[in-house]
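Data block for target_31.pdb (PDB, N, CA and C atoms):
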ATOM      1  N   MET A1151      51.241 164.059  99.115
ATOM      2  CA  MET A1151      52.659 164.061  99.407
ATOM      3  C   MET A1151      53.308 165.422  99.121
ATOM      4  N   LYS A1152      52.635 166.237  98.361
ATOM      5  CA  LYS A1152      53.188 167.539  98.023
ATOM      6  C   LYS A1152      53.534 168.328  99.282
ATOM      7  N   LYS A1153      52.704 168.209 100.296
ATOM      8  CA  LYS A1153      52.929 168.932 101.534
ATOM      9  C   LYS A1153      54.254 168.527 102.180
ATOM     10  N   ALA A1154      54.536 167.215 102.227
ATOM     11  CA  ALA A1154      55.792 166.726 102.807
ATOM     12  C   ALA A1154      56.986 167.237 102.009
ATOM     13  N   ALA A1155      56.903 167.206 100.704
ATOM     14  CA  ALA A1155      57.995 167.672  99.850
ATOM     15  C   ALA A1155      58.255 169.162 100.067
ATOM     16  N   GLU A1156      57.191 169.938 100.170
ATOM     17  CA  GLU A1156      57.348 171.374 100.420
ATOM     18  C   GLU A1156      57.987 171.619 101.788
ATOM     19  N   ARG A1157      57.523 170.880 102.793
ATOM     20  CA  ARG A1157      58.064 171.032 104.146
ATOM     21  C   ARG A1157      59.559 170.677 104.156
ATOM     22  N   ARG A1158      59.925 169.600 103.488
ATOM     23  CA  ARG A1158      61.332 169.193 103.445
ATOM     24  C   ARG A1158      62.191 170.226 102.728
ATOM     25  N   ASN A1159      61.650 170.815 101.688
ATOM     26  CA  ASN A1159      62.365 171.875 100.985
ATOM     27  C   ASN A1159      62.590 173.069 101.915
ATOM     28  N   LEU A1160      61.573 173.431 102.678
ATOM     29  CA  LEU A1160      61.701 174.540 103.627
ATOM     30  C   LEU A1160      62.674 174.200 104.749
ATOM     31  N   ILE A1161      62.685 172.947 105.171
ATOM     32  CA  ILE A1161      63.652 172.511 106.178
ATOM     33  C   ILE A1161      65.068 172.706 105.649
ATOM     34  N   LEU A1162      65.306 172.314 104.403
ATOM     35  CA  LEU A1162      66.635 172.485 103.807
ATOM     36  C   LEU A1162      67.011 173.958 103.672
ATOM     37  N   GLN A1163      66.048 174.796 103.327
ATOM     38  CA  GLN A1163      66.320 176.231 103.233
ATOM     39  C   GLN A1163      66.713 176.792 104.597
ATOM     40  N   ARG A1164      65.967 176.397 105.614
ATOM     41  CA  ARG A1164      66.267 176.873 106.977
ATOM     42  C   ARG A1164      67.638 176.363 107.429
ATOM     43  N   LEU A1165      67.933 175.129 107.109
ATOM     44  CA  LEU A1165      69.227 174.554 107.458
ATOM     45  C   LEU A1165      70.353 175.300 106.752
ATOM     46  N   ASP A1166      70.128 175.663 105.503
ATOM     47  CA  ASP A1166      71.119 176.410 104.738
ATOM     48  C   ASP A1166      71.384 177.775 105.384
ATOM     49  N   GLU A1167      70.335 178.402 105.895
ATOM     50  CA  GLU A1167      70.459 179.721 106.528
ATOM     51  C   GLU A1167      71.131 179.634 107.892
ATOM     52  N   GLU A1168      70.777 178.614 108.672
ATOM     53  CA  GLU A1168      71.213 178.555 110.059
ATOM     54  C   GLU A1168      72.351 177.567 110.326
ATOM     55  N   GLY A1169      72.531 176.591 109.447
ATOM     56  CA  GLY A1169      73.594 175.613 109.629
ATOM     57  C   GLY A1169      73.248 174.474 110.569
ATOM     58  N   GLN A1170      72.214 174.673 111.384
ATOM     59  CA  GLN A1170      71.788 173.670 112.363
ATOM     60  C   GLN A1170      70.297 173.891 112.621
ATOM     61  N   ILE A1171      69.559 172.805 112.761
ATOM     62  CA  ILE A1171      68.132 172.915 113.046
ATOM     63  C   ILE A1171      67.754 171.942 114.156
ATOM     64  N   PHE A1172      66.625 172.223 114.797
ATOM     65  CA  PHE A1172      66.185 171.414 115.918
ATOM     66  C   PHE A1172      64.764 170.901 115.694
ATOM     67  N   VAL A1173      64.539 169.659 116.074
ATOM     68  CA  VAL A1173      63.247 169.006 115.875
ATOM     69  C   VAL A1173      62.120 169.811 116.524
ATOM     70  N   THR A1174      62.308 170.230 117.763
ATOM     71  CA  THR A1174      61.235 170.939 118.467
ATOM     72  C   THR A1174      60.867 172.245 117.774
ATOM     73  N   GLU A1175      61.861 172.985 117.322
ATOM     74  CA  GLU A1175      61.592 174.251 116.627
ATOM     75  C   GLU A1175      60.851 174.018 115.313
ATOM     76  N   LEU A1176      61.290 173.006 114.554
ATOM     77  CA  LEU A1176      60.637 172.716 113.278
ATOM     78  C   LEU A1176      59.204 172.229 113.493
ATOM     79  N   SER A1177      58.992 171.440 114.527
ATOM     80  CA  SER A1177      57.657 170.950 114.852
ATOM     81  C   SER A1177      56.714 172.117 115.125
ATOM     82  N   ASP A1178      57.176 173.078 115.901
ATOM     83  CA  ASP A1178      56.372 174.271 116.195
ATOM     84  C   ASP A1178      56.149 175.110 114.940
ATOM     85  N   LEU A1179      57.191 175.280 114.164
ATOM     86  CA  LEU A1179      57.124 176.104 112.962
ATOM     87  C   LEU A1179      56.120 175.567 111.949
ATOM     88  N   PHE A1180      56.170 174.262 111.710
ATOM     89  CA  PHE A1180      55.326 173.655 110.685
ATOM     90  C   PHE A1180      54.011 173.094 111.226
ATOM     91  N   LYS A1181      53.828 173.170 112.550
ATOM     92  CA  LYS A1181      52.584 172.684 113.181
ATOM     93  C   LYS A1181      52.339 171.210 112.872
ATOM     94  N   VAL A1182      53.418 170.415 112.988
ATOM     95  CA  VAL A1182      53.331 168.963 112.821
ATOM     96  C   VAL A1182      54.028 168.322 114.019
ATOM     97  N   SER A1183      53.836 167.028 114.172
ATOM     98  CA  SER A1183      54.444 166.335 115.307
ATOM     99  C   SER A1183      55.960 166.233 115.150
ATOM    100  N   GLU A1184      56.628 166.020 116.280
ATOM    101  CA  GLU A1184      58.073 165.817 116.245
ATOM    102  C   GLU A1184      58.413 164.538 115.486
ATOM    103  N   VAL A1185      57.541 163.550 115.543
ATOM    104  CA  VAL A1185      57.752 162.304 114.796
ATOM    105  C   VAL A1185      57.794 162.599 113.300
ATOM    106  N   THR A1186      56.893 163.448 112.828
ATOM    107  CA  THR A1186      56.864 163.832 111.407
ATOM    108  C   THR A1186      58.171 164.504 111.014
ATOM    109  N   ILE A1187      58.656 165.406 111.854
ATOM    110  CA  ILE A1187      59.916 166.104 111.569
ATOM    111  C   ILE A1187      61.077 165.116 111.564
ATOM    112  N   ARG A1188      61.105 164.209 112.526
ATOM    113  CA  ARG A1188      62.174 163.204 112.561
ATOM    114  C   ARG A1188      62.164 162.363 111.286
ATOM    115  N   ASN A1189      60.975 162.004 110.833
ATOM    116  CA  ASN A1189      60.861 161.242 109.583
ATOM    117  C   ASN A1189      61.389 162.055 108.404
ATOM    118  N   ASP A1190      61.048 163.346 108.379
ATOM    119  CA  ASP A1190      61.556 164.222 107.320
ATOM    120  C   ASP A1190      63.081 164.274 107.356
ATOM    121  N   LEU A1191      63.643 164.460 108.543
ATOM    122  CA  LEU A1191      65.094 164.553 108.674
ATOM    123  C   LEU A1191      65.771 163.242 108.292
ATOM    124  N   ASP A1192      65.158 162.128 108.675
ATOM    125  CA  ASP A1192      65.710 160.822 108.300
ATOM    126  C   ASP A1192      65.740 160.656 106.786
ATOM    127  N   LYS A1193      64.653 161.048 106.143
ATOM    128  CA  LYS A1193      64.576 160.939 104.673
ATOM    129  C   LYS A1193      65.633 161.827 104.016
ATOM    130  N   LEU A1194      65.790 163.034 104.520
ATOM    131  CA  LEU A1194      66.775 163.957 103.961
ATOM    132  C   LEU A1194      68.202 163.445 104.203
ATOM    133  N   GLU A1195      68.417 162.810 105.348
ATOM    134  CA  GLU A1195      69.739 162.253 105.625
ATOM    135  C   GLU A1195      70.045 161.102 104.671
ATOM    136  N   LYS A1196      69.054 160.269 104.395
ATOM    137  CA  LYS A1196      69.260 159.152 103.471
ATOM    138  C   LYS A1196      69.653 159.641 102.081
ATOM    139  N   ASN A1197      69.237 160.855 101.754
ATOM    140  CA  ASN A1197      69.595 161.458 100.467
ATOM    141  C   ASN A1197      70.864 162.307 100.575
ATOM    142  N   ASN A1198      71.570 162.172 101.706
ATOM    143  CA  ASN A1198      72.832 162.894 101.946
ATOM    144  C   ASN A1198      72.692 164.411 101.878
ATOM    145  N   LEU A1199      71.549 164.913 102.323
ATOM    146  CA  LEU A1199      71.313 166.356 102.289
ATOM    147  C   LEU A1199      71.570 167.018 103.638
ATOM    148  N   LEU A1200      71.702 166.205 104.690
ATOM    149  CA  LEU A1200      72.007 166.708 106.017
ATOM    150  C   LEU A1200      72.537 165.570 106.863
ATOM    151  N   ILE A1201      73.003 165.911 108.042
ATOM    152  CA  ILE A1201      73.493 164.921 108.995
ATOM    153  C   ILE A1201      72.633 165.016 110.251
ATOM    154  N   ARG A1202      72.030 163.906 110.623
ATOM    155  CA  ARG A1202      71.190 163.875 111.827
ATOM    156  C   ARG A1202      72.063 163.923 113.069
ATOM    157  N   ALA A1203      71.568 164.611 114.049
ATOM    158  CA  ALA A1203      72.214 164.668 115.358
ATOM    159  C   ALA A1203      71.118 164.593 116.401
ATOM    160  N   HIS A1204      71.473 164.327 117.633
ATOM    161  CA  HIS A1204      70.482 164.228 118.698
ATOM    162  C   HIS A1204      69.667 165.525 118.764
ATOM    163  N   GLY A1205      68.379 165.419 118.520
ATOM    164  CA  GLY A1205      67.490 166.582 118.622
ATOM    165  C   GLY A1205      67.430 167.473 117.406
ATOM    166  N   GLY A1206      68.131 167.119 116.339
ATOM    167  CA  GLY A1206      68.102 167.983 115.172
ATOM    168  C   GLY A1206      68.991 167.479 114.056
ATOM    169  N   ALA A1207      69.597 168.438 113.343
ATOM    170  CA  ALA A1207      70.444 168.089 112.212
ATOM    171  C   ALA A1207      71.409 169.230 111.899
ATOM    172  N   PHE A1208      72.472 168.894 111.171
ATOM    173  CA  PHE A1208      73.481 169.849 110.719
ATOM    174  C   PHE A1208      73.577 169.797 109.205
ATOM    175  N   LYS A1209      74.049 170.897 108.635
ATOM    176  CA  LYS A1209      74.405 170.873 107.217
ATOM    177  C   LYS A1209      75.561 169.908 107.057
ATOM    178  N   THR A1210      75.641 169.255 105.943
ATOM    179  CA  THR A1210      76.730 168.311 105.730
ATOM    180  C   THR A1210      78.086 169.005 105.815
ATOM    181  N   SER A1211      78.167 170.262 105.453
ATOM    182  CA  SER A1211      79.432 170.993 105.519
ATOM    183  C   SER A1211      79.821 171.335 106.958
ATOM    184  N   ASN A1212      78.874 171.215 107.901
ATOM    185  CA  ASN A1212      79.159 171.519 109.302
ATOM    186  C   ASN A1212      79.465 170.283 110.121
ATOM    187  N   ILE A1213      79.585 169.140 109.482
ATOM    188  CA  ILE A1213      79.746 167.890 110.227
ATOM    189  C   ILE A1213      81.053 167.850 111.005
ATOM    190  N   ALA A1214      82.118 168.412 110.498
ATOM    191  CA  ALA A1214      83.385 168.403 111.231
ATOM    192  C   ALA A1214      83.241 169.144 112.556
ATOM    193  N   LEU A1215      82.521 170.250 112.538
ATOM    194  CA  LEU A1215      82.271 171.005 113.760
ATOM    195  C   LEU A1215      81.421 170.177 114.724
ATOM    196  N   ALA A1216      80.415 169.515 114.227
ATOM    197  CA  ALA A1216      79.538 168.710 115.071
ATOM    198  C   ALA A1216      80.299 167.574 115.737
ATOM    199  N   VAL A1217      81.168 166.937 115.001
ATOM    200  CA  VAL A1217      81.955 165.837 115.558
ATOM    201  C   VAL A1217      82.899 166.368 116.628
ATOM    202  N   SER A1218      83.530 167.486 116.395
ATOM    203  CA  SER A1218      84.448 168.032 117.387
ATOM    204  C   SER A1218      83.695 168.492 118.637
ATOM    205  N   GLU A1219      82.467 169.000 118.492
ATOM    206  CA  GLU A1219      81.660 169.389 119.638
ATOM    207  C   GLU A1219      81.276 168.162 120.448
ATOM    208  N   LYS A1220      80.923 167.076 119.787
ATOM    209  CA  LYS A1220      80.550 165.841 120.490
ATOM    210  C   LYS A1220      81.729 165.324 121.301
ATOM    211  N   LYS A1221      82.930 165.406 120.749
ATOM    212  CA  LYS A1221      84.114 164.929 121.461
ATOM    213  C   LYS A1221      84.357 165.748 122.724
ATOM    214  N   VAL A1222      84.104 167.050 122.652
ATOM    215  CA  VAL A1222      84.283 167.919 123.809
ATOM    216  C   VAL A1222      83.249 167.611 124.876
ATOM    217  N   LEU A1223      82.030 167.309 124.471
ATOM    218  CA  LEU A1223      80.940 167.061 125.412
ATOM    219  C   LEU A1223      81.025 165.699 126.077
ATOM    220  N   THR A1224      81.717 164.765 125.477
ATOM    221  CA  THR A1224      81.771 163.414 126.064
ATOM    222  C   THR A1224      83.007 163.184 126.877
TER     223      THR A1224
END

Take the structure I supplied and represent it as structure tokens, if you would.
Amino acid sequence: MKKAAERRNLILQRLDEEGQIFVTELSDLFKVSEVTIRNDLDKLEKNNLLIRAHGGAFKTSNIALAVSEKKVLT
């Protein structure tokens, strides 16, 4: 399980740097399936460390921006 914990920590670091992350990019970066990344993101969301969005995730502090973008797109 150490590998999953390390990967999730790196996901959070990348999210902190970029504010938004994408499943496909993380899958390529870590050389794991998109399902694995989705599971990681789901686990991190359950711990209130990020907010899941279609195809990726946002920092919790960026959620207001994400909601306003969704309203514009719909």

Expand the PyMOL selection byres ((chain A and resi 1200-1208) around 7) into the explicit residue set it covers here, and present it as a compact mmCIF listing (two decimals) with N, CA and C atoms, in the frame of the given file.
# COMPACT_ATOMS: atom_id res chain seq x y z
N LEU A 1165 67.93 175.13 107.11
CA LEU A 1165 69.23 174.55 107.46
C LEU A 1165 70.35 175.30 106.75
N GLY A 1169 72.53 176.59 109.45
CA GLY A 1169 73.59 175.61 109.63
C GLY A 1169 73.25 174.47 110.57
N GLN A 1170 72.21 174.67 111.38
CA GLN A 1170 71.79 173.67 112.36
C GLN A 1170 70.30 173.89 112.62
N ILE A 1171 69.56 172.80 112.76
CA ILE A 1171 68.13 172.92 113.05
C ILE A 1171 67.75 171.94 114.16
N PHE A 1172 66.62 172.22 114.80
CA PHE A 1172 66.18 171.41 115.92
C PHE A 1172 64.76 170.90 115.69
N VAL A 1173 64.54 169.66 116.07
CA VAL A 1173 63.25 169.01 115.88
C VAL A 1173 62.12 169.81 116.52
N THR A 1174 62.31 170.23 117.76
CA THR A 1174 61.24 170.94 118.47
C THR A 1174 60.87 172.24 117.77
N LEU A 1191 63.64 164.46 108.54
CA LEU A 1191 65.09 164.55 108.67
C LEU A 1191 65.77 163.24 108.29
N LEU A 1194 65.79 163.03 104.52
CA LEU A 1194 66.78 163.96 103.96
C LEU A 1194 68.20 163.44 104.20
N GLU A 1195 68.42 162.81 105.35
CA GLU A 1195 69.74 162.25 105.62
C GLU A 1195 70.04 161.10 104.67
N LYS A 1196 69.05 160.27 104.40
CA LYS A 1196 69.26 159.15 103.47
C LYS A 1196 69.65 159.64 102.08
N ASN A 1197 69.24 160.85 101.75
CA ASN A 1197 69.60 161.46 100.47
C ASN A 1197 70.86 162.31 100.58
N ASN A 1198 71.57 162.17 101.71
CA ASN A 1198 72.83 162.89 101.95
C ASN A 1198 72.69 164.41 101.88
N LEU A 1199 71.55 164.91 102.32
CA LEU A 1199 71.31 166.36 102.29
C LEU A 1199 71.57 167.02 103.64
N LYS A 1209 74.05 170.90 108.64
CA LYS A 1209 74.40 170.87 107.22
C LYS A 1209 75.56 169.91 107.06
N THR A 1210 75.64 169.26 105.94
CA THR A 1210 76.73 168.31 105.73
C THR A 1210 78.09 169.00 105.82
N SER A 1211 78.17 170.26 105.45
CA SER A 1211 79.43 170.99 105.52
C SER A 1211 79.82 171.34 106.96
N ASN A 1212 78.87 171.22 107.90
CA ASN A 1212 79.16 171.52 109.30
C ASN A 1212 79.46 170.28 110.12
N ILE A 1213 79.58 169.14 109.48
CA ILE A 1213 79.75 167.89 110.23
C ILE A 1213 81.05 167.85 111.00

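One distance worth recording is that between atom CA of Ile1187 of chain A and atom CA of Ala1154 of chain A, which is 9.7 Å.
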
- [ ] as a ChimeraX atom specification, list the residues of segment 1162-1212 of chain A assigned to alpha helix (DSSP H) by DSSP on the backbone atoms of this structure.
- [x] /A:1162-1168,1173-1180,1184-1196

TODO: Check chain A with DSSP on the backbone and list each residue it calls strand (DSSP E or B), as a ChimeraX atom specification.
DONE: /A:1170-1172,1201-1203,1206-1208

Open item on the list: One decimal, in Å: what's the spacing between atom N of Lys1152 of chain A and atom CA of Asp1178 of chain A?
Closed with: 19.9 Å
